[in-house]
$ cat final.pdb   # PDB, C-alpha atoms and all ligand atoms
ATOM      1  CA  MET A  87    -122.390 -50.194  76.912  1.00  0.00           C
ATOM      2  CA  ARG A  88    -119.397 -51.410  74.993  1.00  0.00           C
ATOM      3  CA  LEU A  89    -117.222 -48.804  76.655  1.00  0.00           C
ATOM      4  CA  LEU A  90    -117.880 -49.945  80.165  1.00  0.00           C
ATOM      5  CA  PRO A  91    -115.434 -52.855  80.286  1.00  0.00           C
ATOM      6  CA  LEU A  92    -112.738 -50.548  78.914  1.00  0.00           C
ATOM      7  CA  LEU A  93    -113.417 -47.907  81.532  1.00  0.00           C
ATOM      8  CA  ALA A  94    -113.221 -50.514  84.223  1.00  0.00           C
ATOM      9  CA  LEU A  95    -109.685 -51.280  83.069  1.00  0.00           C
ATOM     10  CA  LEU A  96    -108.545 -47.679  83.146  1.00  0.00           C
ATOM     11  CA  PRO A  97    -107.707 -47.212  86.838  1.00  0.00           C
ATOM     12  CA  ALA A  98    -105.675 -50.410  86.819  1.00  0.00           C
ATOM     13  CA  THR A  99    -103.710 -49.145  83.827  1.00  0.00           C
ATOM     14  CA  LEU A 100    -102.957 -45.807  85.459  1.00  0.00           C
ATOM     15  CA  TRP A 101    -101.979 -47.571  88.634  1.00  0.00           C
ATOM     16  CA  ALA A 102     -99.574 -49.790  86.727  1.00  0.00           C
ATOM     17  CA  ALA A 103     -98.068 -46.781  84.979  1.00  0.00           C
ATOM     18  CA  GLU A 104     -97.500 -45.038  88.300  1.00  0.00           C
ATOM     19  CA  LEU A 105     -95.989 -48.188  89.737  1.00  0.00           C
ATOM     20  CA  ALA A 106     -93.576 -48.540  86.875  1.00  0.00           C
ATOM     21  CA  ASP A 107     -91.625 -45.361  87.530  1.00  0.00           C
ATOM     22  CA  THR A 108     -89.522 -45.828  90.608  1.00  0.00           C
ATOM     23  CA  SER A 109     -86.278 -44.975  88.839  1.00  0.00           C
ATOM     24  CA  ALA A 110     -85.629 -41.937  91.043  1.00  0.00           C
ATOM     25  CA  GLN A 111     -86.140 -43.942  94.247  1.00  0.00           C
ATOM     26  CA  ARG A 112     -84.043 -46.824  92.942  1.00  0.00           C
ATOM     27  CA  ALA A 113     -81.206 -44.421  92.115  1.00  0.00           C
ATOM     28  CA  ALA A 114     -81.397 -42.709  95.515  1.00  0.00           C
ATOM     29  CA  ALA A 115     -81.366 -46.036  97.373  1.00  0.00           C
ATOM     30  CA  ALA A 116     -78.459 -47.352  95.306  1.00  0.00           C
ATOM     31  CA  GLN A 117     -76.512 -44.153  95.944  1.00  0.00           C
ATOM     32  CA  LEU A 118     -77.071 -44.396  99.699  1.00  0.00           C
ATOM     33  CA  LEU A 119     -75.982 -48.044  99.827  1.00  0.00           C
ATOM     34  CA  GLY A 120     -72.953 -47.441  97.598  1.00  0.00           C
ATOM     35  CA  LYS A 121     -71.761 -44.545  99.718  1.00  0.00           C
ATOM     36  CA  LEU A 122     -72.190 -46.452 102.995  1.00  0.00           C
ATOM     37  CA  SER A 123     -70.392 -49.504 101.725  1.00  0.00           C
ATOM     38  CA  THR A 124     -67.454 -47.423 100.449  1.00  0.00           C
ATOM     39  CA  GLU A 125     -67.202 -45.387 103.652  1.00  0.00           C
ATOM     40  CA  LEU A 126     -67.422 -48.515 105.789  1.00  0.00           C
ATOM     41  CA  LYS A 127     -64.581 -50.237 103.953  1.00  0.00           C
ATOM     42  CA  GLN A 128     -62.422 -47.089 104.045  1.00  0.00           C
ATOM     43  CA  GLU A 129     -63.005 -46.525 107.752  1.00  0.00           C
ATOM     44  CA  ILE A 130     -62.262 -50.161 108.646  1.00  0.00           C
ATOM     45  CA  ALA A 131     -59.042 -50.043 106.615  1.00  0.00           C
ATOM     46  CA  LYS A 132     -57.959 -46.718 108.113  1.00  0.00           C
ATOM     47  CA  ASN A 133     -59.070 -46.850 111.745  1.00  0.00           C
ATOM     48  CA  GLY A 134     -60.392 -50.353 112.405  1.00  0.00           C
ATOM     49  CA  PRO A 135     -63.802 -51.878 113.097  1.00  0.00           C
ATOM     50  CA  VAL A 136     -64.629 -50.080 116.363  1.00  0.00           C
ATOM     51  CA  SER A 137     -64.266 -46.742 114.670  1.00  0.00           C
ATOM     52  CA  ALA A 138     -66.362 -47.964 111.717  1.00  0.00           C
ATOM     53  CA  ILE A 139     -69.365 -48.375 114.031  1.00  0.00           C
ATOM     54  CA  ALA A 140     -69.921 -44.656 113.485  1.00  0.00           C
ATOM     55  CA  VAL A 141     -70.517 -45.195 109.754  1.00  0.00           C
ATOM     56  CA  CYS A 142     -73.536 -47.468 110.322  1.00  0.00           C
ATOM     57  CA  ARG A 143     -74.648 -45.598 113.440  1.00  0.00           C
ATOM     58  CA  ASP A 144     -74.158 -41.928 112.487  1.00  0.00           C
ATOM     59  CA  LEU A 145     -73.410 -41.542 108.795  1.00  0.00           C
ATOM     60  CA  ALA A 146     -76.257 -43.803 107.590  1.00  0.00           C
ATOM     61  CA  PRO A 147     -79.065 -41.883 109.343  1.00  0.00           C
ATOM     62  CA  LYS A 148     -77.394 -38.592 108.415  1.00  0.00           C
ATOM     63  CA  LEU A 149     -77.338 -39.464 104.700  1.00  0.00           C
ATOM     64  CA  ALA A 150     -80.916 -40.775 104.882  1.00  0.00           C
ATOM     65  CA  GLY A 151     -81.941 -37.542 106.627  1.00  0.00           C
ATOM     66  CA  ASP A 152     -80.155 -35.395 104.032  1.00  0.00           C
ATOM     67  CA  ALA A 153     -81.859 -37.323 101.219  1.00  0.00           C
ATOM     68  CA  SER A 154     -85.246 -36.924 102.930  1.00  0.00           C
ATOM     69  CA  ARG A 155     -84.821 -33.163 103.282  1.00  0.00           C
ATOM     70  CA  GLU A 156     -83.658 -32.803  99.670  1.00  0.00           C
ATOM     71  CA  THR A 157     -86.488 -34.831  98.144  1.00  0.00           C
ATOM     72  CA  GLY A 158     -89.457 -34.478 100.509  1.00  0.00           C
ATOM     73  CA  TRP A 159     -89.585 -38.297 100.743  1.00  0.00           C
ATOM     74  CA  LYS A 160     -89.014 -40.306 103.889  1.00  0.00           C
ATOM     75  CA  VAL A 161     -85.808 -42.253 103.362  1.00  0.00           C
ATOM     76  CA  SER A 162     -84.775 -44.802 105.992  1.00  0.00           C
ATOM     77  CA  ARG A 163     -83.129 -48.182 106.590  1.00  0.00           C
ATOM     78  CA  VAL A 164     -85.330 -50.830 108.139  1.00  0.00           C
ATOM     79  CA  SER A 165     -85.002 -54.468 109.123  1.00  0.00           C
ATOM     80  CA  LEU A 166     -87.010 -57.416 110.408  1.00  0.00           C
ATOM     81  CA  LYS A 167     -84.258 -57.781 113.047  1.00  0.00           C
ATOM     82  CA  PRO A 168     -83.216 -54.228 113.931  1.00  0.00           C
ATOM     83  CA  ARG A 169     -80.252 -53.316 116.059  1.00  0.00           C
ATOM     84  CA  ASN A 170     -81.714 -49.883 116.801  1.00  0.00           C
ATOM     85  CA  PRO A 171     -85.486 -50.157 117.255  1.00  0.00           C
ATOM     86  CA  LEU A 172     -85.928 -46.385 117.090  1.00  0.00           C
ATOM     87  CA  LEU A 173     -84.682 -46.038 113.510  1.00  0.00           C
ATOM     88  CA  GLY A 174     -84.612 -49.591 112.202  1.00  0.00           C
ATOM     89  CA  MET A 175     -87.999 -51.101 113.002  1.00  0.00           C
ATOM     90  CA  ALA A 176     -90.051 -51.849 109.880  1.00  0.00           C
ATOM     91  CA  ASP A 177     -93.701 -50.747 109.656  1.00  0.00           C
ATOM     92  CA  ALA A 178     -96.424 -53.101 108.377  1.00  0.00           C
ATOM     93  CA  TRP A 179     -95.817 -52.414 104.657  1.00  0.00           C
ATOM     94  CA  GLU A 180     -92.046 -52.703 105.119  1.00  0.00           C
ATOM     95  CA  GLN A 181     -92.317 -55.996 107.019  1.00  0.00           C
ATOM     96  CA  ASP A 182     -94.440 -57.448 104.268  1.00  0.00           C
ATOM     97  CA  ALA A 183     -92.058 -56.103 101.614  1.00  0.00           C
ATOM     98  CA  LEU A 184     -89.052 -57.615 103.408  1.00  0.00           C
ATOM     99  CA  LEU A 185     -90.746 -61.017 103.613  1.00  0.00           C
ATOM    100  CA  GLN A 186     -91.544 -60.890  99.910  1.00  0.00           C
ATOM    101  CA  LEU A 187     -87.999 -59.825  99.036  1.00  0.00           C
ATOM    102  CA  GLU A 188     -86.651 -62.724 101.121  1.00  0.00           C
ATOM    103  CA  LYS A 189     -88.878 -65.138  99.202  1.00  0.00           C
ATOM    104  CA  ARG A 190     -87.706 -63.759  95.875  1.00  0.00           C
ATOM    105  CA  LEU A 191     -84.090 -64.039  97.044  1.00  0.00           C
ATOM    106  CA  ALA A 192     -84.681 -67.681  98.021  1.00  0.00           C
ATOM    107  CA  ALA A 193     -86.210 -68.238  94.563  1.00  0.00           C
ATOM    108  CA  GLY A 194     -82.914 -67.170  92.982  1.00  0.00           C
ATOM    109  CA  GLU A 195     -83.180 -63.449  92.243  1.00  0.00           C
ATOM    110  CA  LYS A 196     -79.953 -61.462  92.550  1.00  0.00           C
ATOM    111  CA  PRO A 197     -79.813 -59.632  95.925  1.00  0.00           C
ATOM    112  CA  GLU A 198     -78.314 -56.452  94.404  1.00  0.00           C
ATOM    113  CA  LEU A 199     -81.289 -56.034  92.066  1.00  0.00           C
ATOM    114  CA  LEU A 200     -84.085 -56.890  94.477  1.00  0.00           C
ATOM    115  CA  ASP A 201     -86.623 -54.160  95.034  1.00  0.00           C
ATOM    116  CA  MET A 202     -90.353 -53.601  95.053  1.00  0.00           C
ATOM    117  CA  SER A 203     -92.939 -50.850  95.192  1.00  0.00           C
ATOM    118  CA  ALA A 204     -96.627 -50.177  95.673  1.00  0.00           C
ATOM    119  CA  ILE A 205     -99.049 -47.299  95.841  1.00  0.00           C
ATOM    120  CA  VAL A 206    -100.937 -47.403  99.103  1.00  0.00           C
ATOM    121  CA  GLN A 207    -103.732 -45.473 100.738  1.00  0.00           C
ATOM    122  CA  GLU A 208    -103.005 -44.772 104.386  1.00  0.00           C
ATOM    123  CA  PRO A 209    -105.086 -42.805 106.912  1.00  0.00           C
ATOM    124  CA  ALA A 210    -102.892 -39.734 106.289  1.00  0.00           C
ATOM    125  CA  GLY A 211    -102.933 -39.952 102.481  1.00  0.00           C
ATOM    126  CA  ARG A 212    -101.650 -41.761  99.382  1.00  0.00           C
ATOM    127  CA  TYR A 213     -98.040 -42.821  99.199  1.00  0.00           C
ATOM    128  CA  LEU A 214     -95.648 -44.500  96.856  1.00  0.00           C
ATOM    129  CA  ARG A 215     -93.816 -47.088  98.929  1.00  0.00           C
ATOM    130  CA  TYR A 216     -90.470 -48.395  97.694  1.00  0.00           C
ATOM    131  CA  ALA A 217     -88.079 -50.924  99.248  1.00  0.00           C
ATOM    132  CA  LYS A 218     -84.610 -51.877  98.009  1.00  0.00           C
ATOM    133  CA  ALA A 219     -82.970 -54.955  99.510  1.00  0.00           C
ATOM    134  CA  ILE A 220     -79.786 -54.460 101.555  1.00  0.00           C
ATOM    135  CA  PRO A 221     -77.716 -57.619 101.042  1.00  0.00           C
ATOM    136  CA  VAL A 222     -75.216 -58.690 103.701  1.00  0.00           C
ATOM    137  CA  GLN A 223     -71.666 -58.423 102.373  1.00  0.00           C
ATOM    138  CA  PRO A 224     -68.662 -60.121 103.996  1.00  0.00           C
ATOM    139  CA  VAL A 225     -67.582 -56.741 105.436  1.00  0.00           C
ATOM    140  CA  CYS A 226     -70.854 -56.493 107.408  1.00  0.00           C
ATOM    141  CA  LEU A 227     -70.183 -59.702 109.339  1.00  0.00           C
ATOM    142  CA  MET A 228     -67.775 -58.195 111.835  1.00  0.00           C
ATOM    143  CA  CYS A 229     -70.764 -56.346 113.295  1.00  0.00           C
ATOM    144  CA  HIS A 230     -73.781 -58.325 112.054  1.00  0.00           C
ATOM    145  CA  GLY A 231     -72.422 -61.899 111.805  1.00  0.00           C
ATOM    146  CA  ASP A 232     -72.108 -64.714 114.358  1.00  0.00           C
ATOM    147  CA  SER A 233     -70.656 -63.671 117.676  1.00  0.00           C
ATOM    148  CA  LYS A 234     -67.464 -65.535 116.662  1.00  0.00           C
ATOM    149  CA  ALA A 235     -67.063 -63.227 113.655  1.00  0.00           C
ATOM    150  CA  ILE A 236     -67.402 -60.099 115.821  1.00  0.00           C
ATOM    151  CA  PRO A 237     -64.157 -58.794 117.344  1.00  0.00           C
ATOM    152  CA  ALA A 238     -64.292 -58.634 121.174  1.00  0.00           C
ATOM    153  CA  GLU A 239     -63.889 -54.858 121.268  1.00  0.00           C
ATOM    154  CA  VAL A 240     -66.791 -54.367 118.834  1.00  0.00           C
ATOM    155  CA  ARG A 241     -68.922 -56.859 120.751  1.00  0.00           C
ATOM    156  CA  LYS A 242     -68.381 -54.866 123.924  1.00  0.00           C
ATOM    157  CA  GLN A 243     -69.485 -51.628 122.258  1.00  0.00           C
ATOM    158  CA  LEU A 244     -72.557 -53.256 120.715  1.00  0.00           C
ATOM    159  CA  GLU A 245     -73.596 -54.828 124.022  1.00  0.00           C
ATOM    160  CA  THR A 246     -73.373 -51.474 125.768  1.00  0.00           C
ATOM    161  CA  GLY A 247     -75.007 -49.423 123.036  1.00  0.00           C
ATOM    162  CA  TYR A 248     -77.725 -51.864 121.955  1.00  0.00           C
ATOM    163  CA  PRO A 249     -79.175 -53.922 124.805  1.00  0.00           C
ATOM    164  CA  HIS A 250     -81.964 -55.165 122.487  1.00  0.00           C
ATOM    165  CA  ASP A 251     -79.711 -55.882 119.492  1.00  0.00           C
ATOM    166  CA  ARG A 252     -81.335 -58.405 117.119  1.00  0.00           C
ATOM    167  CA  ALA A 253     -79.029 -57.681 114.194  1.00  0.00           C
ATOM    168  CA  THR A 254     -76.442 -60.458 114.576  1.00  0.00           C
ATOM    169  CA  GLY A 255     -76.158 -64.013 113.245  1.00  0.00           C
ATOM    170  CA  TYR A 256     -76.346 -63.042 109.567  1.00  0.00           C
ATOM    171  CA  SER A 257     -74.316 -64.636 106.799  1.00  0.00           C
ATOM    172  CA  ALA A 258     -73.174 -63.078 103.520  1.00  0.00           C
ATOM    173  CA  GLY A 259     -75.874 -63.014 100.843  1.00  0.00           C
ATOM    174  CA  GLN A 260     -78.806 -62.803 103.270  1.00  0.00           C
ATOM    175  CA  LEU A 261     -80.972 -59.706 103.524  1.00  0.00           C
ATOM    176  CA  ARG A 262     -79.966 -57.343 106.305  1.00  0.00           C
ATOM    177  CA  GLY A 263     -82.969 -55.149 105.604  1.00  0.00           C
ATOM    178  CA  ALA A 264     -84.128 -52.581 103.085  1.00  0.00           C
ATOM    179  CA  VAL A 265     -83.746 -48.974 102.151  1.00  0.00           C
ATOM    180  CA  SER A 266     -87.315 -47.794 102.455  1.00  0.00           C
ATOM    181  CA  ILE A 267     -88.615 -44.724 100.633  1.00  0.00           C
ATOM    182  CA  LYS A 268     -92.049 -43.277 101.222  1.00  0.00           C
ATOM    183  CA  VAL A 269     -93.229 -40.621  98.794  1.00  0.00           C
ATOM    184  CA  PRO A 270     -96.345 -38.540  99.494  1.00  0.00           C
ATOM    185  CA  LEU A 271     -98.635 -38.462  96.428  1.00  0.00           C
ATOM    186  CA  PRO A 272    -101.340 -35.983  95.511  1.00  0.00           C
ATOM    187  CA  GLU A 273    -104.811 -37.220  96.532  1.00  0.00           C
TER
HETATM  188  C1  LIG B 301     -68.383 -51.615 112.502  1.00  0.00           C
HETATM  189  C2  LIG B 301     -69.673 -52.177 112.783  1.00  0.00           C
HETATM  190  C3  LIG B 301     -70.683 -52.304 111.685  1.00  0.00           C
HETATM  191  C4  LIG B 301     -70.462 -52.784 110.419  1.00  0.00           C
HETATM  192  C5  LIG B 301     -69.165 -53.265 109.787  1.00  0.00           C
HETATM  193  C6  LIG B 301     -71.751 -52.764 109.775  1.00  0.00           C
HETATM  194  N1  LIG B 301     -72.713 -52.295 110.620  1.00  0.00           N
HETATM  195 FE1  LIG B 301     -74.714 -52.073 110.222  1.00  0.00          FE
HETATM  196  N2  LIG B 301     -75.004 -51.347 112.046  1.00  0.00           N
HETATM  197  C7  LIG B 301     -74.036 -51.146 113.012  1.00  0.00           C
HETATM  198  C8  LIG B 301     -74.615 -50.443 114.126  1.00  0.00           C
HETATM  199  C9  LIG B 301     -73.892 -50.015 115.384  1.00  0.00           C
HETATM  200  C10 LIG B 301     -75.976 -50.215 113.801  1.00  0.00           C
HETATM  201  C11 LIG B 301     -77.045 -49.492 114.635  1.00  0.00           C
HETATM  202  C12 LIG B 301     -77.188 -48.081 114.085  1.00  0.00           C
HETATM  203  C13 LIG B 301     -78.055 -47.175 114.897  1.00  0.00           C
HETATM  204  O1  LIG B 301     -77.724 -46.923 116.063  1.00  0.00           O
HETATM  205  O2  LIG B 301     -79.065 -46.687 114.351  1.00  0.00           O
HETATM  206  C14 LIG B 301     -76.183 -50.793 112.487  1.00  0.00           C
HETATM  207  C15 LIG B 301     -77.388 -50.743 111.824  1.00  0.00           C
HETATM  208  C16 LIG B 301     -77.585 -51.191 110.553  1.00  0.00           C
HETATM  209  C17 LIG B 301     -78.836 -51.103 109.833  1.00  0.00           C
HETATM  210  C18 LIG B 301     -80.120 -50.401 110.302  1.00  0.00           C
HETATM  211  C19 LIG B 301     -81.137 -51.348 110.880  1.00  0.00           C
HETATM  212  C20 LIG B 301     -80.785 -51.799 112.271  1.00  0.00           C
HETATM  213  O3  LIG B 301     -80.461 -52.987 112.406  1.00  0.00           O
HETATM  214  O4  LIG B 301     -80.818 -50.984 113.216  1.00  0.00           O
HETATM  215  C21 LIG B 301     -78.629 -51.670 108.623  1.00  0.00           C
HETATM  216  C22 LIG B 301     -79.648 -51.836 107.515  1.00  0.00           C
HETATM  217  C23 LIG B 301     -77.251 -52.104 108.588  1.00  0.00           C
HETATM  218  N3  LIG B 301     -76.637 -51.808 109.769  1.00  0.00           N
HETATM  219  C24 LIG B 301     -76.675 -52.727 107.502  1.00  0.00           C
HETATM  220  C25 LIG B 301     -75.310 -53.002 107.408  1.00  0.00           C
HETATM  221  C26 LIG B 301     -74.701 -53.546 106.219  1.00  0.00           C
HETATM  222  C27 LIG B 301     -75.434 -53.920 104.957  1.00  0.00           C
HETATM  223  C28 LIG B 301     -73.369 -53.640 106.489  1.00  0.00           C
HETATM  224  C29 LIG B 301     -72.276 -54.064 105.530  1.00  0.00           C
HETATM  225  C30 LIG B 301     -72.228 -53.391 104.248  1.00  0.00           C
HETATM  226  C31 LIG B 301     -73.168 -53.188 107.835  1.00  0.00           C
HETATM  227  N4  LIG B 301     -74.367 -52.805 108.376  1.00  0.00           N
HETATM  228  C32 LIG B 301     -71.944 -53.166 108.472  1.00  0.00           C
HETATM  229  C33 LIG B 301     -72.730 -51.532 112.936  1.00  0.00           C
HETATM  230  C34 LIG B 301     -72.094 -52.009 111.803  1.00  0.00           C
END
$ encode --input "final.pdb" --output "structure tokens"
Amino acid sequence: MRLLPLLALLPATLWAAELADTSAQRAAAAQLLGKLSTELKQEIAKNGPVSAIAVCRDLAPKLAGDASRETGWKVSRVSLKPRNPLLGMADAWEQDALLQLEKRLAAGEKPELLDMSAIVQEPAGRYLRYAKAIPVQPVCLMCHGDSKAIPAEVRKQLETGYPHDRATGYSAGQLRGAVSIKVPLPE
């Protein structure tokens, strides 16, 4: 009889242990964000902002796709206000994660270190879900800031390419979205 309370604690302990190890996902997300930020700055400096659209539009999904194929995880960038609804729309877990990350940011946590994870049971199986905050940097504003901060040429391209664009009006330090990683777990 004495053992029963201990046994009841066991699943929670295992769960916590599984939750604790997201170091591989954290590293992959940080690598993706670091690479994009570097490429974006280089492309803007070399060829200007219109040309840099390709970094966020083409290189980002390509790197996320490469990472997904290498790891067997689903790696993506999602937002509560996506520019591209096909790739950027957050699912239910991601929306909730983004709201929680925004709260933690408002409570004073550093945006670069903000992340969270959970193990969830979905109809298709068990998954480790991981989300790393994507903070808005000053360099993002020329395409995600107020319309005044967006050069006319870029604005034209965005209007043509993204008729349902919700990804403007940000200021530096806010959350643009998250790198989301979904890892299938054994049943
Ligand atoms: C030169 C323009 C440009 C700059 C600068 C830029 N972006 Fe983007 N961003 C875009 C475009 C265009 C898309 C839509 C991509 C697509 O078609 O999937 C996008 C999409 C995104 C998305 C995917 C979610 C969504 O809204 O569709 C994230 C996240 C994102 N950008 C973050 C950033 C961050 C963070 C920065 C600064 C480090 C940044 N962007 C700078 C143009 C830009």
$ residues_near_point --input "final.pdb" --point "(-74.9, -40.0, 103.1)" --cutoff "9 Å" --atoms "all atoms listed in the file" --output "list in words"
Gln117, Leu118, Leu119, Lys121, Leu122, Leu145, Ala146, Pro147, Lys148, Leu149, Ala150, Gly151, Asp152 and Ala153 of chain A
$ resolve_selection --input "final.pdb" --expression "the PyMOL selection byres (((chain A and resi 127) around 12) and not hetatm)" --output "PDB file with C-alpha atoms, keeping the file's coordinate frame"
ATOM      1  CA  GLY A 120     -72.953 -47.441  97.598  1.00  0.00           C
ATOM      2  CA  LYS A 121     -71.761 -44.545  99.718  1.00  0.00           C
ATOM      3  CA  LEU A 122     -72.190 -46.452 102.995  1.00  0.00           C
ATOM      4  CA  SER A 123     -70.392 -49.504 101.725  1.00  0.00           C
ATOM      5  CA  THR A 124     -67.454 -47.423 100.449  1.00  0.00           C
ATOM      6  CA  GLU A 125     -67.202 -45.387 103.652  1.00  0.00           C
ATOM      7  CA  LEU A 126     -67.422 -48.515 105.789  1.00  0.00           C
ATOM      8  CA  GLN A 128     -62.422 -47.089 104.045  1.00  0.00           C
ATOM      9  CA  GLU A 129     -63.005 -46.525 107.752  1.00  0.00           C
ATOM     10  CA  ILE A 130     -62.262 -50.161 108.646  1.00  0.00           C
ATOM     11  CA  ALA A 131     -59.042 -50.043 106.615  1.00  0.00           C
ATOM     12  CA  LYS A 132     -57.959 -46.718 108.113  1.00  0.00           C
ATOM     13  CA  ASN A 133     -59.070 -46.850 111.745  1.00  0.00           C
ATOM     14  CA  GLY A 134     -60.392 -50.353 112.405  1.00  0.00           C
ATOM     15  CA  PRO A 135     -63.802 -51.878 113.097  1.00  0.00           C
ATOM     16  CA  SER A 137     -64.266 -46.742 114.670  1.00  0.00           C
ATOM     17  CA  ALA A 138     -66.362 -47.964 111.717  1.00  0.00           C
ATOM     18  CA  ILE A 139     -69.365 -48.375 114.031  1.00  0.00           C
ATOM     19  CA  VAL A 141     -70.517 -45.195 109.754  1.00  0.00           C
ATOM     20  CA  CYS A 142     -73.536 -47.468 110.322  1.00  0.00           C
ATOM     21  CA  GLN A 223     -71.666 -58.423 102.373  1.00  0.00           C
ATOM     22  CA  PRO A 224     -68.662 -60.121 103.996  1.00  0.00           C
ATOM     23  CA  VAL A 225     -67.582 -56.741 105.436  1.00  0.00           C
ATOM     24  CA  CYS A 226     -70.854 -56.493 107.408  1.00  0.00           C
ATOM     25  CA  MET A 228     -67.775 -58.195 111.835  1.00  0.00           C
TER      26      MET A 228
END
$ atom_distance --input "final.pdb" --atom1 "atom C30 of ligand LIG 301 (chain B)" --atom2 "atom CA of A:Ser165"
13.7 Å
$ resolve_selection --input "final.pdb" --expression "the PyMOL selection byres (((chain A and resi 227) around 9) and not hetatm)" --output "PyMOL selection string"
chain A and resi 222-226+228-232+235-236+254-258
$ atom_distance --input "final.pdb" --atom1 "atom O2 of ligand LIG 301 (chain B)" --atom2 "atom CA of A:Ala204"
25.9 Å
$ residues_around --input "final.pdb" --residues "A:Ala176" --least-positions-apart "4" --cutoff "10 Å" --atoms "all atoms listed in the file" --output "PDB file with C-alpha atoms, in the coordinates of the input"
ATOM      1  CA  SER A 162     -84.775 -44.802 105.992  1.00  0.00           C
ATOM      2  CA  ARG A 163     -83.129 -48.182 106.590  1.00  0.00           C
ATOM      3  CA  VAL A 164     -85.330 -50.830 108.139  1.00  0.00           C
ATOM      4  CA  SER A 165     -85.002 -54.468 109.123  1.00  0.00           C
ATOM      5  CA  LEU A 166     -87.010 -57.416 110.408  1.00  0.00           C
ATOM      6  CA  LYS A 167     -84.258 -57.781 113.047  1.00  0.00           C
ATOM      7  CA  PRO A 168     -83.216 -54.228 113.931  1.00  0.00           C
ATOM      8  CA  PRO A 171     -85.486 -50.157 117.255  1.00  0.00           C
ATOM      9  CA  LEU A 172     -85.928 -46.385 117.090  1.00  0.00           C
ATOM     10  CA  GLU A 180     -92.046 -52.703 105.119  1.00  0.00           C
ATOM     11  CA  GLN A 181     -92.317 -55.996 107.019  1.00  0.00           C
ATOM     12  CA  ASP A 182     -94.440 -57.448 104.268  1.00  0.00           C
ATOM     13  CA  ALA A 183     -92.058 -56.103 101.614  1.00  0.00           C
ATOM     14  CA  LEU A 184     -89.052 -57.615 103.408  1.00  0.00           C
ATOM     15  CA  GLY A 263     -82.969 -55.149 105.604  1.00  0.00           C
ATOM     16  CA  ALA A 264     -84.128 -52.581 103.085  1.00  0.00           C
ATOM     17  CA  SER A 266     -87.315 -47.794 102.455  1.00  0.00           C
TER      18      SER A 266
END
$ closest_residue --input "final.pdb" --among "A:Arg169, A:Arg241, A:Lys268, A:Lys189" --to "A:Ser154" --atoms "all atoms listed in the file"
A:Lys268
$ build_atoms --input "final.pdb" --residues "stretch 203-216 of chain A" --atoms "N, CA and C atoms" --output "CSV table (one decimal), keeping the file's coordinate frame"
chain,number,residue,atom,x,y,z
A,203,SER,N,-92.2,-52.1,94.9
A,203,SER,CA,-92.9,-50.8,95.2
A,203,SER,C,-94.4,-51.1,95.1
A,204,ALA,N,-95.2,-50.1,95.7
A,204,ALA,CA,-96.6,-50.2,95.7
A,204,ALA,C,-97.2,-48.8,95.9
A,205,ILE,N,-98.4,-48.5,95.5
A,205,ILE,CA,-99.0,-47.3,95.8
A,205,ILE,C,-100.1,-47.7,96.9
A,206,VAL,N,-100.0,-47.0,98.0
A,206,VAL,CA,-100.9,-47.4,99.1
A,206,VAL,C,-101.7,-46.2,99.6
A,207,GLN,N,-102.9,-46.5,100.1
A,207,GLN,CA,-103.7,-45.5,100.7
A,207,GLN,C,-103.6,-45.7,102.2
A,208,GLU,N,-103.1,-44.7,102.9
A,208,GLU,CA,-103.0,-44.8,104.4
A,208,GLU,C,-103.9,-43.7,105.0
A,209,PRO,N,-104.2,-43.8,106.3
A,209,PRO,CA,-105.1,-42.8,106.9
A,209,PRO,C,-104.7,-41.4,106.6
A,210,ALA,N,-103.3,-41.1,106.5
A,210,ALA,CA,-102.9,-39.7,106.3
A,210,ALA,C,-102.7,-39.4,104.8
A,211,GLY,N,-103.0,-40.3,103.9
A,211,GLY,CA,-102.9,-40.0,102.5
A,211,GLY,C,-102.4,-41.1,101.6
A,212,ARG,N,-102.2,-40.8,100.3
A,212,ARG,CA,-101.6,-41.8,99.4
A,212,ARG,C,-100.1,-41.7,99.3
A,213,TYR,N,-99.5,-42.8,99.2
A,213,TYR,CA,-98.0,-42.8,99.2
A,213,TYR,C,-97.5,-43.8,98.2
A,214,LEU,N,-96.4,-43.5,97.6
A,214,LEU,CA,-95.6,-44.5,96.9
A,214,LEU,C,-94.7,-45.1,97.9
A,215,ARG,N,-94.7,-46.4,98.0
A,215,ARG,CA,-93.8,-47.1,98.9
A,215,ARG,C,-92.8,-47.8,98.1
A,216,TYR,N,-91.5,-47.7,98.4
A,216,TYR,CA,-90.5,-48.4,97.7
A,216,TYR,C,-89.5,-49.0,98.7
